[in-house]
file structure-v6.tsv (TSV, C-alpha atoms)
chain	number	residue	atom	x	y	z
Q	5	MET	CA	124.93	77.55	82.35
Q	6	GLU	CA	122.62	79.98	84.39
Q	7	GLN	CA	125.25	82.67	84.14
Q	8	ARG	CA	125.28	82.24	80.36
Q	9	VAL	CA	121.53	82.49	80.19
Q	10	ASN	CA	121.60	85.59	82.42
Q	11	ARG	CA	124.20	87.21	80.19
Q	12	SER	CA	122.00	86.73	77.18
Q	13	VAL	CA	119.09	88.22	79.11
Q	14	GLY	CA	121.36	91.09	80.19
Q	15	ALA	CA	120.91	93.09	77.03
Q	16	GLY	CA	117.13	92.99	77.50
Q	17	VAL	CA	117.42	94.16	81.08
Q	18	THR	CA	119.55	97.14	80.14
Q	19	ASP	CA	117.03	98.08	77.44
Q	20	LEU	CA	114.45	98.48	80.15
Q	21	ASP	CA	116.53	99.51	83.12
Q	22	PRO	CA	118.23	102.92	82.90
Q	23	ASP	CA	119.99	102.26	86.21
Q	24	ALA	CA	121.75	99.25	84.72
Q	25	GLU	CA	122.83	101.47	81.82
Q	26	LEU	CA	124.27	103.96	84.33
Q	27	MET	CA	126.08	101.17	86.14
Q	28	LEU	CA	127.59	100.00	82.84
Q	29	ARG	CA	128.90	103.54	82.35
Q	30	VAL	CA	130.39	103.40	85.87
Q	31	ARG	CA	132.06	100.15	84.82
Q	32	ASP	CA	133.51	102.00	81.84
Q	33	GLY	CA	135.06	104.60	84.14
Q	34	ASP	CA	132.33	107.27	84.21
Q	35	GLY	CA	132.34	108.51	87.82
Q	36	ALA	CA	129.50	110.99	87.20
Q	37	SER	CA	127.10	108.09	86.55
Q	38	PHE	CA	127.90	106.71	89.99
Q	39	GLY	CA	126.86	110.09	91.41
Q	40	VAL	CA	123.53	109.87	89.56
Q	41	LEU	CA	122.89	106.38	90.96
Q	42	LEU	CA	123.82	107.55	94.46
Q	43	ASP	CA	121.43	110.51	94.22
Q	44	LYS	CA	118.60	108.30	93.08
Q	45	HIS	CA	118.99	105.42	95.53
Q	46	ARG	CA	120.56	106.97	98.63
Q	47	LEU	CA	117.28	107.68	100.39
Q	48	PRO	CA	115.49	104.38	99.57
Q	49	VAL	CA	118.52	102.36	100.70
Q	50	VAL	CA	119.04	104.31	103.94
Q	51	HIS	CA	115.31	104.16	104.76
Q	52	PHE	CA	115.11	100.44	104.03
Q	53	LEU	CA	118.11	99.78	106.27
Q	54	TYR	CA	116.76	102.09	108.95
Q	55	ARG	CA	113.43	100.25	109.03
Q	56	MET	CA	115.26	96.93	109.15
Q	57	ILE	CA	117.77	97.89	111.87
Q	58	GLN	CA	115.88	100.75	113.55
Q	59	ASN	CA	119.07	102.60	114.36
Q	60	HIS	CA	119.83	105.61	112.21
Q	61	GLY	CA	123.62	105.58	112.72
Q	62	VAL	CA	123.96	101.87	111.92
Q	63	ALA	CA	121.60	102.22	108.93
Q	64	GLU	CA	123.73	105.00	107.41
Q	65	GLU	CA	126.91	103.04	108.05
Q	66	LEU	CA	125.45	100.01	106.29
Q	67	ALA	CA	124.16	102.17	103.43
Q	68	GLN	CA	127.69	103.49	102.95
Q	69	GLU	CA	128.91	99.91	102.77
Q	70	VAL	CA	126.22	99.10	100.18
Q	71	PHE	CA	127.34	101.90	97.84
Q	72	LEU	CA	130.99	101.12	98.48
Q	73	ARG	CA	130.36	97.52	97.39
Q	74	VAL	CA	128.52	98.73	94.32
Q	75	TYR	CA	131.51	100.90	93.41
Q	76	ARG	CA	134.02	98.13	94.14
Q	77	SER	CA	132.09	95.66	91.96
Q	78	ARG	CA	131.91	97.99	88.97
Q	79	ALA	CA	134.63	96.20	86.98
Q	80	THR	CA	132.80	92.87	87.13
Q	81	TYR	CA	129.25	94.24	86.89
Q	82	GLU	CA	126.94	92.39	84.49
Q	83	PRO	CA	123.31	93.51	84.13
Q	84	THR	CA	121.82	90.10	84.86
Q	85	ALA	CA	118.86	91.60	86.76
Q	86	LYS	CA	117.33	94.97	87.53
Q	87	PHE	CA	119.83	97.28	89.22
Q	88	THR	CA	117.54	97.75	92.23
Q	89	THR	CA	117.33	93.98	92.69
Q	90	TRP	CA	121.11	93.82	92.95
Q	91	LEU	CA	121.25	96.92	95.17
Q	92	PHE	CA	118.63	95.68	97.62
Q	93	ARG	CA	120.19	92.25	97.61
Q	94	ILE	CA	123.41	93.79	98.91
Q	95	ALA	CA	121.46	95.94	101.39
Q	96	THR	CA	119.39	93.01	102.69
Q	97	HIS	CA	122.46	90.81	103.00
Q	98	LEU	CA	124.24	93.47	105.06
Q	99	ALA	CA	121.16	94.13	107.21
Q	100	LEU	CA	120.62	90.45	107.97
Q	101	ASN	CA	124.32	90.00	108.82
Q	102	SER	CA	124.22	93.06	111.05
Q	103	LEU	CA	121.15	91.75	112.88
Q	104	ARG	CA	122.76	88.33	113.29
Q	105	ASP	CA	125.97	89.91	114.58
Q	106	GLY	CA	124.00	91.17	117.57
Q	107	LYS	CA	123.40	94.73	116.58
Q	108	HIS	CA	119.70	94.01	116.94
Q	109	GLU	CA	120.25	94.11	120.70
Q	110	ARG	CA	121.32	97.70	120.34
Q	111	MET	CA	118.25	98.25	118.22
Q	112	GLN	CA	116.03	96.89	121.01
Q	113	GLU	CA	117.76	99.14	123.53
Q	114	ARG	CA	117.09	102.02	121.23
Q	115	LEU	CA	113.46	101.07	120.92
Q	116	ASP	CA	113.18	101.19	124.68
Q	117	GLU	CA	114.58	104.70	124.71
Q	118	ASN	CA	112.55	107.70	123.79
Q	119	THR	CA	113.54	107.90	120.15
Q	120	GLY	CA	114.35	111.34	118.90
Q	121	ASP	CA	115.82	110.28	115.57
Q	122	MET	CA	112.54	109.48	113.93
Q	123	PRO	CA	110.45	112.56	113.47
Q	124	VAL	CA	106.87	112.13	112.43
Q	125	ARG	CA	106.30	114.08	109.26
Q	126	GLN	CA	104.60	117.36	110.06
Q	127	LEU	CA	103.32	120.10	107.85
Q	128	ALA	CA	104.54	123.54	108.84
Q	129	ASP	CA	101.17	125.24	108.37
Q	130	VAL	CA	99.17	122.61	110.27
Q	131	ARG	CA	100.63	122.44	113.75
Q	132	PRO	CA	99.31	119.50	115.74
Q	133	THR	CA	98.28	120.02	119.30
Q	134	VAL	CA	100.36	118.45	122.04
Q	135	GLU	CA	97.75	115.76	122.41
Q	136	GLN	CA	97.67	114.99	118.67
Q	137	SER	CA	101.42	114.89	118.63
Q	138	MET	CA	101.52	112.45	121.55
Q	139	VAL	CA	98.91	110.20	119.93
Q	140	ARG	CA	100.83	110.20	116.68
Q	141	GLN	CA	104.10	109.42	118.47
Q	142	ALA	CA	102.44	106.55	120.31
Q	143	ARG	CA	101.06	105.14	117.04
Q	144	LEU	CA	104.44	105.39	115.43
Q	145	GLU	CA	106.04	103.61	118.37
Q	146	GLU	CA	103.50	100.82	118.07
Q	147	VAL	CA	104.19	100.43	114.34
Q	148	ARG	CA	107.93	100.30	114.93
Q	149	ARG	CA	107.61	97.68	117.62
Q	150	ALA	CA	105.28	95.57	115.50
Q	151	VAL	CA	107.69	95.65	112.54
Q	152	ALA	CA	110.72	95.00	114.77
Q	153	ALA	CA	108.98	91.95	116.21
Q	154	LEU	CA	108.72	90.31	112.78
Q	155	PRO	CA	111.28	87.63	111.86
Q	156	GLU	CA	114.08	89.19	109.77
Q	157	LYS	CA	113.11	87.79	106.38
Q	158	GLN	CA	109.42	88.61	106.87
Q	159	ARG	CA	110.43	92.12	107.86
Q	160	ALA	CA	112.59	92.56	104.76
Q	161	ALA	CA	109.78	91.24	102.55
Q	162	VAL	CA	107.19	93.59	104.07
Q	163	LEU	CA	109.48	96.63	103.80
Q	164	MET	CA	110.22	95.93	100.13
Q	165	HIS	CA	106.55	95.22	99.36
Q	166	LYS	CA	105.10	98.15	101.26
Q	167	TYR	CA	107.68	100.93	100.91
Q	168	ARG	CA	109.44	100.03	97.64
Q	169	GLU	CA	106.33	98.56	95.98
Q	170	MET	CA	108.40	95.69	94.61
Q	171	GLU	CA	106.75	92.80	92.76
Q	172	TYR	CA	106.83	89.32	94.28
Q	173	THR	CA	109.31	88.18	91.63
Q	174	GLN	CA	111.75	90.96	92.48
Q	175	ILE	CA	111.46	90.37	96.23
Q	176	ALA	CA	112.10	86.68	95.52
Q	177	LYS	CA	115.28	87.54	93.66
Q	178	VAL	CA	116.46	89.85	96.43
Q	179	LEU	CA	115.79	87.27	99.14
Q	180	ASP	CA	117.03	84.41	96.95
Q	181	CYS	CA	113.88	82.33	97.34
Q	182	SER	CA	110.86	81.31	95.28
Q	183	GLU	CA	107.92	83.55	94.52
Q	184	SER	CA	105.60	81.27	96.49
Q	185	ALA	CA	107.99	81.54	99.47
Q	186	VAL	CA	107.69	85.33	99.24
Q	187	LYS	CA	103.89	85.13	99.19
Q	188	SER	CA	104.04	82.91	102.24
Q	189	LEU	CA	106.46	85.27	104.04
Q	190	LEU	CA	104.24	88.25	103.29
Q	191	PHE	CA	101.06	86.48	104.29
Q	192	ARG	CA	102.49	85.46	107.66
Q	193	ALA	CA	104.04	88.90	108.23
Q	194	TYR	CA	100.81	90.78	107.45
Q	195	GLU	CA	98.85	88.32	109.56
Q	196	THR	CA	101.05	89.23	112.54
Q	197	LEU	CA	100.79	92.94	111.74
Q	198	ARG	CA	97.01	92.73	111.39
Q	199	ALA	CA	96.79	91.16	114.82
Q	200	ARG	CA	98.89	93.96	116.31
Q	201	LEU	CA	97.87	97.00	114.32
Q	202	ALA	CA	94.32	96.48	113.01
Q	203	HIS	CA	92.88	98.36	115.98
Q	204	MET	CA	94.60	101.51	114.69
Q	205	ALA	CA	92.02	101.87	111.93
W	7	MET	CA	84.71	84.41	91.89
W	8	ILE	CA	86.04	81.69	94.19
W	9	CYS	CA	86.71	83.07	97.67
W	10	PRO	CA	90.43	84.03	97.74
W	11	LEU	CA	90.72	82.92	101.36
W	12	GLU	CA	89.34	79.47	100.53
W	13	ALA	CA	91.43	79.25	97.36
W	14	LYS	CA	94.57	80.25	99.33
W	15	ARG	CA	95.01	83.26	97.06
W	16	ASN	CA	95.54	85.79	99.82
W	17	GLU	CA	97.78	87.86	97.58
W	18	VAL	CA	94.66	88.99	95.74
W	19	LEU	CA	93.34	90.48	98.97
W	20	LEU	CA	96.75	91.98	99.78
W	21	GLU	CA	96.92	93.62	96.36
W	22	TYR	CA	93.36	94.90	96.71
W	23	SER	CA	94.15	96.34	100.16
W	24	SER	CA	97.17	98.15	98.79
W	25	ARG	CA	95.07	99.36	95.83
W	26	LYS	CA	97.26	97.62	93.28
W	27	LEU	CA	94.80	95.08	91.87
W	28	ASP	CA	94.25	95.24	88.12
W	29	ALA	CA	90.85	96.37	86.82
W	30	GLY	CA	89.65	92.91	85.75
W	31	GLU	CA	90.17	91.25	89.10
W	32	LEU	CA	89.14	94.37	90.98
W	33	ARG	CA	85.53	94.19	89.75
W	34	LEU	CA	85.30	90.47	90.43
W	35	LEU	CA	86.67	90.87	93.94
W	36	GLU	CA	84.41	93.80	94.77
W	37	ASP	CA	81.41	91.68	93.76
W	38	HIS	CA	82.74	88.89	95.95
W	39	LEU	CA	83.33	91.20	98.93
W	40	GLU	CA	79.63	92.10	98.97
W	41	THR	CA	78.79	88.51	99.84
W	42	CYS	CA	81.85	87.37	101.86
W	43	PRO	CA	82.22	88.82	105.39
W	44	ALA	CA	85.53	86.94	105.98
W	45	CYS	CA	87.20	88.63	103.00
W	46	ARG	CA	85.69	91.98	104.01
W	47	ASP	CA	87.20	91.69	107.50
W	48	PHE	CA	90.54	90.70	105.99
W	49	VAL	CA	90.58	93.72	103.69
W	50	GLN	CA	89.51	96.12	106.43
W	51	ALA	CA	92.25	94.91	108.80
W	52	GLN	CA	94.86	94.88	106.05
W	53	ARG	CA	94.03	98.45	105.04
W	54	ALA	CA	94.42	99.50	108.68
W	55	VAL	CA	97.91	97.96	108.68
W	56	TRP	CA	98.73	99.65	105.39
W	57	ASP	CA	97.66	103.06	106.72
W	58	ALA	CA	99.49	102.51	110.00
W	59	LEU	CA	102.73	101.74	108.14
W	60	ASP	CA	102.31	105.00	106.21
W	61	VAL	CA	102.82	106.89	109.48
W	62	TRP	CA	106.41	105.68	109.68
W	63	GLU	CA	108.65	108.23	108.05
W	64	PRO	CA	112.38	107.85	108.71
W	65	ALA	CA	114.71	110.72	109.43
W	66	PRO	CA	116.44	112.43	106.51
W	67	VAL	CA	119.88	111.22	105.48
W	68	SER	CA	122.87	113.04	107.02
W	69	ALA	CA	124.13	115.98	104.96
W	70	ASP	CA	127.66	114.58	104.89
W	71	PHE	CA	126.62	111.11	103.71
W	72	ASP	CA	128.07	111.58	100.19
W	73	SER	CA	131.30	113.21	101.32
W	74	ARG	CA	131.92	110.40	103.81
W	75	LEU	CA	131.27	107.84	101.09
W	76	TYR	CA	133.60	109.51	98.58
W	77	ARG	CA	136.33	109.72	101.22
W	78	ARG	CA	135.99	105.98	101.76
W	79	ILE	CA	136.10	105.39	98.01
W	80	GLU	CA	139.29	107.45	97.73
W	81	ARG	CA	140.89	105.39	100.49
W	82	GLN	CA	140.23	102.18	98.53
W	83	PRO	CA	143.45	100.53	97.38
W	84	VAL	CA	143.79	100.73	93.59
W	85	SER	CA	144.07	97.30	92.02
W	86	TRP	CA	146.77	96.45	89.43
W	87	PHE	CA	144.00	96.06	86.85
W	88	ASP	CA	142.69	99.59	87.48
W	89	ARG	CA	146.22	100.96	87.37
W	90	MET	CA	146.84	99.21	84.06
W	91	MET	CA	143.55	100.44	82.61
W	92	ARG	CA	143.89	104.06	83.79
W	93	PRO	CA	145.54	105.31	80.56
W	94	PHE	CA	142.65	103.82	78.57
W	95	GLN	CA	139.85	105.24	80.75
W	96	PRO	CA	139.03	108.12	78.36
W	97	PHE	CA	138.10	105.48	75.77
W	98	GLY	CA	135.93	103.50	78.17
W	99	LEU	CA	136.64	100.00	79.37
W	100	ARG	CA	134.86	98.31	76.44
W	101	HIS	CA	137.24	99.96	74.01
W	102	ALA	CA	140.22	99.81	76.33
W	103	ILE	CA	140.42	96.02	76.39
W	104	PRO	CA	140.65	95.55	72.59
W	105	ILE	CA	143.17	98.42	72.44
W	106	ALA	CA	145.26	96.83	75.18
W	107	VAL	CA	145.09	93.40	73.51
W	108	SER	CA	146.08	94.86	70.12
W	109	ALA	CA	148.98	96.72	71.71
W	110	ALA	CA	150.14	93.55	73.45
W	111	VAL	CA	149.97	91.56	70.18
W	112	ILE	CA	151.98	94.21	68.29
W	113	LEU	CA	154.55	94.39	71.08
W	114	THR	CA	154.93	90.61	71.22
W	115	ALA	CA	155.25	90.39	67.44
W	116	GLY	CA	157.95	93.10	67.50
W	117	LEU	CA	159.91	91.27	70.17
W	118	LEU	CA	159.67	87.99	68.26
W	119	VAL	CA	160.95	89.61	65.06
W	120	GLN	CA	163.83	91.24	66.92
W	121	ARG	CA	164.85	88.00	68.58
W	122	ALA	CA	164.51	85.83	65.47
W	123	PRO	CA	167.69	83.58	65.15
W	124	ALA	CA	170.16	83.96	62.20
W	125	PRO	CA	169.57	81.46	59.37
W	126	ARG	CA	171.47	78.25	59.92
W	127	PRO	CA	174.00	77.11	57.23
W	128	GLN	CA	172.47	74.58	54.89
W	129	PRO	CA	173.85	71.08	55.46
W	130	GLN	CA	176.27	69.77	52.80
W	131	HIS	CA	174.56	67.64	50.14
W	132	ASP	CA	177.65	65.45	49.87
W	133	THR	CA	177.50	64.38	53.46
W	134	ALA	CA	173.92	63.43	53.06
W	135	GLN	CA	174.70	61.61	49.85
W	136	MET	CA	177.56	59.75	51.51
W	137	GLU	CA	175.25	58.68	54.28
W	138	VAL	CA	172.69	57.49	51.74
W	139	LEU	CA	175.16	55.72	49.47
W	140	GLN	CA	177.26	54.09	52.15
W	141	PRO	CA	175.59	50.63	52.12
W	142	GLU	CA	175.78	50.55	48.29
W	143	GLN	CA	179.42	51.42	48.45
W	144	VAL	CA	180.03	48.61	50.89
W	145	VAL	CA	178.31	46.15	48.57
W	146	LEU	CA	180.32	47.45	45.62
W	147	ALA	CA	183.55	47.21	47.58
W	148	LEU	CA	182.77	43.65	48.56
W	149	ASP	CA	182.00	42.77	44.93
W	150	GLU	CA	185.26	44.37	43.79
W	151	MET	CA	187.22	42.51	46.46
W	152	GLU	CA	185.66	39.24	45.37
W	153	ALA	CA	186.53	39.95	41.72
W	154	LEU	CA	190.11	40.84	42.62
W	155	SER	CA	190.55	37.70	44.68
W	156	GLN	CA	189.32	35.66	41.70
W	157	LEU	CA	191.81	37.38	39.40
W	158	SER	CA	194.75	37.05	41.76
W	159	SER	CA	194.21	33.30	42.45
W	160	PRO	CA	196.76	31.03	40.41
W	161	VAL	CA	195.32	29.40	37.35
W	162	ARG	CA	195.30	25.63	37.88
W	163	PRO	CA	195.78	23.50	34.82
W	164	ASN	CA	192.83	21.37	33.85
W	165	LYS	CA	193.33	17.62	34.21
W	166	ALA	CA	192.14	17.07	30.70
W	167	ASP	CA	194.60	19.60	29.39
W	168	SER	CA	197.44	17.91	31.24
W	169	LYS	CA	196.64	14.61	29.65
W	170	MET	CA	196.93	16.27	26.33

call {"tool": "encode", "arguments": {"input": "structure-v6.tsv", "output": "structure tokens"}}
result
Amino acid sequence: MEQRVNRSVGAGVTDLDPDAELMLRVRDGDGASFGVLLDKHRLPVVHFLYRMIQNHGVAEELAQEVFLRVYRSRATYEPTAKFTTWLFRIATHLALNSLRDGKHERMQERLDENTGDMPVRQLADVRPTVEQSMVRQARLEEVRRAVAALPEKQRAAVLMHKYREMEYTQIAKVLDCSESAVKSLLFRAYETLRARLAHMA
Amino acid sequence: MICPLEAKRNEVLLEYSSRKLDAGELRLLEDHLETCPACRDFVQAQRAVWDALDVWEPAPVSADFDSRLYRRIERQPVSWFDRMMRPFQPFGLRHAIPIAVSAAVILTAGLLVQRAPAPRPQPQHDTAQMEVLQPEQVVLALDEMEALSQLSSPVRPNKADSKM
């Protein structure tokens, strides 16, 4: 019954969502449209996974798996929701599985190391002093630790809300929970972050 | 405006802190913030978190990300469905399915016509008639036998006639 309702909504979604239109073309055998989708979503997916896992190699590996699953599912694709909802649902599912499989231990080890894979964005014409650079690196480290300390679902909700600017309804669909559950997740997550990071103001 | 913290509507403060609140609620909240120190503290701390998270910029994606992905895609086993649909790919899958179904229908119809059995010889009407008339014939035969037996029996002289 829900599937039927979603199918009828599908046409409306594709009217609004150009990514779903591209995915329908991929379904029809247009490989170039897959390239367009990859170009558009590669960076957001890798960055989301990186912030979830905090290991660049694992994040890229998982991102590859995300796009591989998208490609594999092309024949059965139905635009029942926004394309990004589906994409981040796959990404979140893989990230949570990866964390539960114990890769988070590696992530913690990596956090303890001096991380060279996360450059702080710098402008070429404004070179920070050594002191500024060290302060910035320390702040970044603090942010990473605070985010890593969040429970997995809270972390995913914060990353989608903050960095992807997703609405509560979309985050709810990605995390397969209610909108009020998302609000609760975000409230608790930001409460923890405020306690840890508010002094950085 | 009712205090969002008291009304458990923290999302209003979160949206305001991330500068995403719509104009209508924005003015109401700003009026409220002038009189509510708790909400002011919340917003100040939340904005600090928001700005701190902005510092976190991940590394760029590896240059060979796409080529690695396409290599993995090429290594994917091709399903029977994809193999079957490959000749129709220039038409797109939406058109390929009706074309494939039409082709299958025509092929099946052709096979059925080719294998259609030769017309059977019509059954003889006589045989059928015999089968239908058989009980009547039996009755007739019995009647005839009865008539014959009456004819063949010796004629006995009547007692009255003998007296004469």

call {"tool": "interface_residues", "arguments": {"input": "structure-v6.tsv", "of": "chain Q", "to": "chain W", "cutoff": "8 Å", "atoms": "only C-alpha atoms", "output": "MDAnalysis selection string"}}
result
chainID Q and resid 31:34 47 50:51 54:55 60 64 68 71:72 75 121:125 143:144 147:148 166 187 191 194 197:198 201:205

call {"tool": "closest_residue", "arguments": {"input": "structure-v6.tsv", "among": "Q:Leu26, Q:Ala63, Q:Leu98, Q:Ala152", "to": "Glu82 of chain Q", "atoms": "only C-alpha atoms"}}
result
Q:Leu26

call {"tool": "residues_around", "arguments": {"input": "structure-v6.tsv", "residues": "segment 30-42 of chain W", "least_positions_apart": "3", "cutoff": "8 Å", "atoms": "all atoms listed in the file", "output": "list in words"}}
result
Met7, Cys9, Tyr22, Leu27, Cys45 and Arg46 of chain W

call {"tool": "atom_distance", "arguments": {"input": "structure-v6.tsv", "atom1": "atom CA of Ala29 of chain W", "atom2": "atom CA of Ala161 of chain Q"}}
result
25.1 Å

call {"tool": "atom_distance", "arguments": {"input": "structure-v6.tsv", "atom1": "atom CA of Asn101 of chain Q", "atom2": "atom CA of Glu146 of chain Q"}}
result
25.2 Å

call {"tool": "atom_distance", "arguments": {"input": "structure-v6.tsv", "atom1": "atom CA of Leu53 of chain Q", "atom2": "atom CA of Leu66 of chain Q"}}
result
7.3 Å

call {"tool": "closest_residue", "arguments": {"input": "structure-v6.tsv", "among": "Q:Ala153, Q:Thr96, Q:Glu145, Q:Arg104", "to": "Asp180 of chain Q", "atoms": "all atoms listed in the file"}}
result
Q:Thr96

call {"tool": "closest_residue", "arguments": {"input": "structure-v6.tsv", "among": "Q:Lys44, Q:Arg168, Q:Arg200, Q:Arg131", "to": "Arg149 of chain Q", "atoms": "all atoms listed in the file"}}
result
Q:Arg200

call {"tool": "residues_around", "arguments": {"input": "structure-v6.tsv", "residues": "segment 88-90 of chain Q", "least_positions_apart": "6", "cutoff": "8 Å", "atoms": "all atoms listed in the file", "output": "list in words"}}
result
Asp23, Gln174, Ile175, Lys177 and Val178 of chain Q
